[in-house]
Amino acid sequence: MQFMLQYPDVHGTDQDMLESGEVGDVAVALEKADWDGLAFTEHPAPGINWLERGGHQSLDPFIALAGAATVTKRLRLLSYLAVVPYRNPLLLAKTTASLDRISKGRFILGAGTGYLKGEFRALGVDFDERNVLFDEALDVLPLHWSGEPFSYRGRHFEAKNTIGRPRPTNDTIPIWIGGNSKITLRRVAERAHGWMPLLGPDEMFATTRTPHPGSASGIAATIGSLVPSLDQRGIALDVAIPYMDATIARPREESDRHRAEFEALEEIGCTWTVINVPPVPPSQMIEFIESFSEVYIQA
């Protein structure tokens, strides 16, 4: 099991996104404490009503992760998750390849279709086209990353004899897809490297428009159904589970329970745990990073 920190979400507008510390400082502390990764989410144009009702601020994940890349050497960097239909896939391919090269191959493209209708409207993207646009991107990304000339006609663009250079460090970039729907699981099986199941309270799933993933045994069964398809493609499936138990912000409390939960997640096939904690002042964030590592990583 590997551990990744999602930079703490700031809900509403009363606080600033970077309340928990500068990106570079947090990234350096994570690497020094033997954590395995850092993640940033995305909401470029959220509505004020959504923010005030529990939504959260975000940085541009690619810029934030690029900043983390320049001060670290080992830490994996995840967009958790980037809303793929918001961007022309050629621009997405260029952005991700650039970040991958800057990080020397440490970037993971965590991708999703998105769910906020108002944000789609604000960005001029048809919400009802999101699945078509997502699949187009899955077509175009490997073509662009190949570094060879290609042509592709999409719904709203046409690339003729286009080439993407420079190529990613390792010729491609891992794609982890988020969500629980049948179409998501099909995409993971056929075209991705990893799955990011969405977990949370029951009321969240109506907003995010994805089914509840079910119990741990249900998640394990889903993982088991995905593995054969990825094995056929020669890919080891990564599964990244969000861990949102608020008590983990105090790592030394209830450590036996948390350790048992991490072990249970690993047993059902999860390879990454993405730790979510509330925003705290920078000194407390560094203290949390170090304490969590002492209890669960270095122990």
# chains A, B, ... in the order shown; residues from 1 in each chain; ligands from 1

$ select_by_dssp --residues "range 60-174 of chain A" --states "strand (DSSP E or B)" --output "compact mmCIF listing (two decimals) with C-alpha atoms, in the first residue's frame"
# COMPACT_ATOMS: atom_id res chain seq x y z
CA ARG A 76 4.28 10.77 -7.57
CA LEU A 77 1.98 13.56 -8.73
CA LEU A 78 -1.74 12.94 -9.36
CA SER A 79 -4.54 15.09 -10.76
CA ALA A 82 -8.93 16.49 -13.93
CA VAL A 83 -12.25 16.99 -15.73
CA PHE A 107 2.86 12.37 -13.22
CA ILE A 108 -0.37 10.35 -13.18
CA LEU A 109 -3.39 11.67 -15.06
CA GLY A 110 -6.37 11.14 -12.81
CA ALA A 111 -9.33 11.75 -15.10
CA GLY A 112 -13.09 12.09 -14.85
CA PHE A 150 -1.53 11.49 -36.63
CA SER A 151 -4.90 12.69 -37.86
CA TYR A 152 -8.15 12.68 -35.92
CA ARG A 153 -11.60 14.19 -36.46
CA GLU A 158 -9.98 18.19 -36.61
CA ALA A 159 -6.27 17.40 -36.39
CA LYS A 160 -4.51 16.75 -39.70
CA ASN A 161 -1.01 15.31 -39.72
CA THR A 162 -0.46 16.63 -36.19

$ select_by_dssp --residues "range 13-73 of chain A" --states "helix (DSSP H, G or I)" --output "NGL selection string"
:A and (17-20 or 23-32 or 48-52 or 61-69)

$ write_last_selection --atoms "N, CA and C atoms" --output "PDB file, in the first residue's frame"
ATOM      1  N   MET A  17      -7.245  28.888  -0.345  1.00  0.00           N
ATOM      2  CA  MET A  17      -6.874  27.526  -0.706  1.00  0.00           C
ATOM      3  C   MET A  17      -5.537  27.100  -0.094  1.00  0.00           C
ATOM      4  N   LEU A  18      -4.606  28.010   0.044  1.00  0.00           N
ATOM      5  CA  LEU A  18      -3.273  27.652   0.523  1.00  0.00           C
ATOM      6  C   LEU A  18      -3.104  27.860   2.024  1.00  0.00           C
ATOM      7  N   GLU A  19      -4.215  27.801   2.760  1.00  0.00           N
ATOM      8  CA  GLU A  19      -4.150  27.951   4.214  1.00  0.00           C
ATOM      9  C   GLU A  19      -3.207  26.928   4.854  1.00  0.00           C
ATOM     10  N   SER A  20      -3.065  25.759   4.233  1.00  0.00           N
ATOM     11  CA  SER A  20      -2.286  24.681   4.850  1.00  0.00           C
ATOM     12  C   SER A  20      -0.816  24.696   4.466  1.00  0.00           C
ATOM     13  N   VAL A  23       2.667  25.073  -1.738  1.00  0.00           N
ATOM     14  CA  VAL A  23       2.734  23.782  -2.414  1.00  0.00           C
ATOM     15  C   VAL A  23       4.114  23.165  -2.280  1.00  0.00           C
ATOM     16  N   GLY A  24       5.151  23.938  -2.543  1.00  0.00           N
ATOM     17  CA  GLY A  24       6.502  23.406  -2.479  1.00  0.00           C
ATOM     18  C   GLY A  24       6.879  22.928  -1.091  1.00  0.00           C
ATOM     19  N   ASP A  25       6.464  23.664  -0.060  1.00  0.00           N
ATOM     20  CA  ASP A  25       6.780  23.271   1.312  1.00  0.00           C
ATOM     21  C   ASP A  25       6.110  21.946   1.666  1.00  0.00           C
ATOM     22  N   VAL A  26       4.853  21.792   1.279  1.00  0.00           N
ATOM     23  CA  VAL A  26       4.133  20.553   1.567  1.00  0.00           C
ATOM     24  C   VAL A  26       4.760  19.387   0.800  1.00  0.00           C
ATOM     25  N   ALA A  27       5.086  19.615  -0.469  1.00  0.00           N
ATOM     26  CA  ALA A  27       5.678  18.550  -1.279  1.00  0.00           C
ATOM     27  C   ALA A  27       7.021  18.095  -0.705  1.00  0.00           C
ATOM     28  N   VAL A  28       7.861  19.039  -0.318  1.00  0.00           N
ATOM     29  CA  VAL A  28       9.165  18.697   0.261  1.00  0.00           C
ATOM     30  C   VAL A  28       8.990  17.907   1.551  1.00  0.00           C
ATOM     31  N   ALA A  29       8.041  18.329   2.386  1.00  0.00           N
ATOM     32  CA  ALA A  29       7.803  17.622   3.645  1.00  0.00           C
ATOM     33  C   ALA A  29       7.322  16.196   3.396  1.00  0.00           C
ATOM     34  N   LEU A  30       6.440  16.021   2.410  1.00  0.00           N
ATOM     35  CA  LEU A  30       5.954  14.679   2.082  1.00  0.00           C
ATOM     36  C   LEU A  30       7.097  13.768   1.644  1.00  0.00           C
ATOM     37  N   GLU A  31       7.929  14.257   0.741  1.00  0.00           N
ATOM     38  CA  GLU A  31       9.028  13.425   0.258  1.00  0.00           C
ATOM     39  C   GLU A  31      10.010  13.109   1.380  1.00  0.00           C
ATOM     40  N   LYS A  32      10.323  14.083   2.197  1.00  0.00           N
ATOM     41  CA  LYS A  32      11.252  13.867   3.307  1.00  0.00           C
ATOM     42  C   LYS A  32      10.708  12.829   4.284  1.00  0.00           C
ATOM     43  N   ILE A  48     -21.027  29.929  -6.854  1.00  0.00           N
ATOM     44  CA  ILE A  48     -20.959  30.335  -5.455  1.00  0.00           C
ATOM     45  C   ILE A  48     -21.907  29.511  -4.600  1.00  0.00           C
ATOM     46  N   ASN A  49     -23.063  29.133  -5.138  1.00  0.00           N
ATOM     47  CA  ASN A  49     -24.000  28.320  -4.357  1.00  0.00           C
ATOM     48  C   ASN A  49     -23.400  26.967  -4.011  1.00  0.00           C
ATOM     49  N   TRP A  50     -22.707  26.371  -4.974  1.00  0.00           N
ATOM     50  CA  TRP A  50     -22.075  25.077  -4.721  1.00  0.00           C
ATOM     51  C   TRP A  50     -20.998  25.208  -3.650  1.00  0.00           C
ATOM     52  N   LEU A  51     -20.184  26.267  -3.748  1.00  0.00           N
ATOM     53  CA  LEU A  51     -19.141  26.473  -2.752  1.00  0.00           C
ATOM     54  C   LEU A  51     -19.731  26.654  -1.357  1.00  0.00           C
ATOM     55  N   GLU A  52     -20.805  27.413  -1.266  1.00  0.00           N
ATOM     56  CA  GLU A  52     -21.377  27.698   0.050  1.00  0.00           C
ATOM     57  C   GLU A  52     -22.150  26.528   0.624  1.00  0.00           C
ATOM     58  N   PRO A  61      -4.704  22.062 -11.110  1.00  0.00           N
ATOM     59  CA  PRO A  61      -3.894  20.930 -10.632  1.00  0.00           C
ATOM     60  C   PRO A  61      -2.578  20.771 -11.374  1.00  0.00           C
ATOM     61  N   PHE A  62      -2.551  21.092 -12.660  1.00  0.00           N
ATOM     62  CA  PHE A  62      -1.328  20.894 -13.431  1.00  0.00           C
ATOM     63  C   PHE A  62      -0.253  21.890 -13.023  1.00  0.00           C
ATOM     64  N   ILE A  63      -0.661  23.122 -12.766  1.00  0.00           N
ATOM     65  CA  ILE A  63       0.309  24.128 -12.312  1.00  0.00           C
ATOM     66  C   ILE A  63       0.797  23.797 -10.906  1.00  0.00           C
ATOM     67  N   ALA A  64      -0.123  23.411 -10.029  1.00  0.00           N
ATOM     68  CA  ALA A  64       0.268  23.063  -8.665  1.00  0.00           C
ATOM     69  C   ALA A  64       1.226  21.875  -8.658  1.00  0.00           C
ATOM     70  N   LEU A  65       0.929  20.858  -9.454  1.00  0.00           N
ATOM     71  CA  LEU A  65       1.783  19.677  -9.481  1.00  0.00           C
ATOM     72  C   LEU A  65       3.131  19.972 -10.128  1.00  0.00           C
ATOM     73  N   ALA A  66       3.142  20.878 -11.101  1.00  0.00           N
ATOM     74  CA  ALA A  66       4.425  21.283 -11.684  1.00  0.00           C
ATOM     75  C   ALA A  66       5.290  21.961 -10.631  1.00  0.00           C
ATOM     76  N   GLY A  67       4.660  22.797  -9.791  1.00  0.00           N
ATOM     77  CA  GLY A  67       5.403  23.415  -8.711  1.00  0.00           C
ATOM     78  C   GLY A  67       5.983  22.382  -7.760  1.00  0.00           C
ATOM     79  N   ALA A  68       5.187  21.347  -7.446  1.00  0.00           N
ATOM     80  CA  ALA A  68       5.682  20.281  -6.574  1.00  0.00           C
ATOM     81  C   ALA A  68       6.796  19.496  -7.247  1.00  0.00           C
ATOM     82  N   ALA A  69       6.694  19.321  -8.563  1.00  0.00           N
ATOM     83  CA  ALA A  69       7.704  18.538  -9.293  1.00  0.00           C
ATOM     84  C   ALA A  69       9.080  19.160  -9.215  1.00  0.00           C
TER      85      ALA A  69
END

$ residues_around --residues "Val277 in chain A" --least-positions-apart "4" --cutoff "10 Å" --atoms "only C-alpha atoms" --output "PyMOL selection string"
chain A and resi 5-9+243-250+285+288

$ write_last_selection --atoms "N, CA and C atoms" --output "compact mmCIF listing (two decimals), in the first residue's frame"
# COMPACT_ATOMS: atom_id res chain seq x y z
N LEU A 5 -1.13 12.16 -0.22
CA LEU A 5 -1.90 13.22 0.41
C LEU A 5 -2.64 14.02 -0.64
N GLN A 6 -3.94 14.19 -0.47
CA GLN A 6 -4.63 15.19 -1.27
C GLN A 6 -4.52 16.52 -0.54
N TYR A 7 -3.95 17.52 -1.21
CA TYR A 7 -3.83 18.82 -0.56
C TYR A 7 -5.20 19.21 -0.01
N PRO A 8 -5.27 19.65 1.27
CA PRO A 8 -6.56 19.85 1.92
C PRO A 8 -7.50 20.78 1.17
N ASP A 9 -8.74 20.32 1.01
CA ASP A 9 -9.78 21.13 0.38
C ASP A 9 -10.22 22.25 1.32
N TYR A 243 -9.40 8.19 1.61
CA TYR A 243 -9.59 7.89 3.03
C TYR A 243 -10.00 9.18 3.71
N MET A 244 -11.26 9.24 4.15
CA MET A 244 -11.83 10.50 4.60
C MET A 244 -12.29 10.47 6.05
N ASP A 245 -11.72 9.58 6.85
CA ASP A 245 -12.01 9.53 8.28
C ASP A 245 -11.31 10.71 8.95
N ALA A 246 -12.08 11.64 9.50
CA ALA A 246 -11.51 12.88 10.03
C ALA A 246 -10.53 12.63 11.17
N THR A 247 -10.67 11.52 11.87
CA THR A 247 -9.77 11.27 13.00
C THR A 247 -8.34 10.98 12.56
N ILE A 248 -8.13 10.71 11.28
CA ILE A 248 -6.77 10.45 10.81
C ILE A 248 -5.92 11.71 10.87
N ALA A 249 -6.57 12.87 11.03
CA ALA A 249 -5.82 14.12 11.19
C ALA A 249 -5.00 14.10 12.48
N ARG A 250 -5.34 13.20 13.39
CA ARG A 250 -4.55 12.99 14.62
C ARG A 250 -3.99 11.57 14.54
N MET A 285 0.23 21.26 9.45
CA MET A 285 0.26 20.36 8.30
C MET A 285 1.58 19.59 8.27
N PHE A 288 1.49 17.01 10.93
CA PHE A 288 0.67 15.86 10.54
C PHE A 288 1.42 14.95 9.59

$ residues_around --residues "Pro166 in chain A" --least-positions-apart "5" --cutoff "9 Å" --atoms "only C-alpha atoms" --output "list in words"
Lys94, Ala97, Ser98, Arg101, Trp145 and Gly147 of chain A

$ write_last_selection --atoms "C-alpha atoms" --output "CSV table (one decimal), in the first residue's frame"
chain,number,residue,atom,x,y,z
A,94,LYS,CA,0.4,18.9,-24.3
A,97,ALA,CA,3.2,15.6,-21.4
A,98,SER,CA,4.9,18.9,-20.3
A,101,ARG,CA,8.7,15.8,-18.6
A,145,TRP,CA,2.1,11.2,-26.7
A,147,GLY,CA,5.4,11.5,-30.9
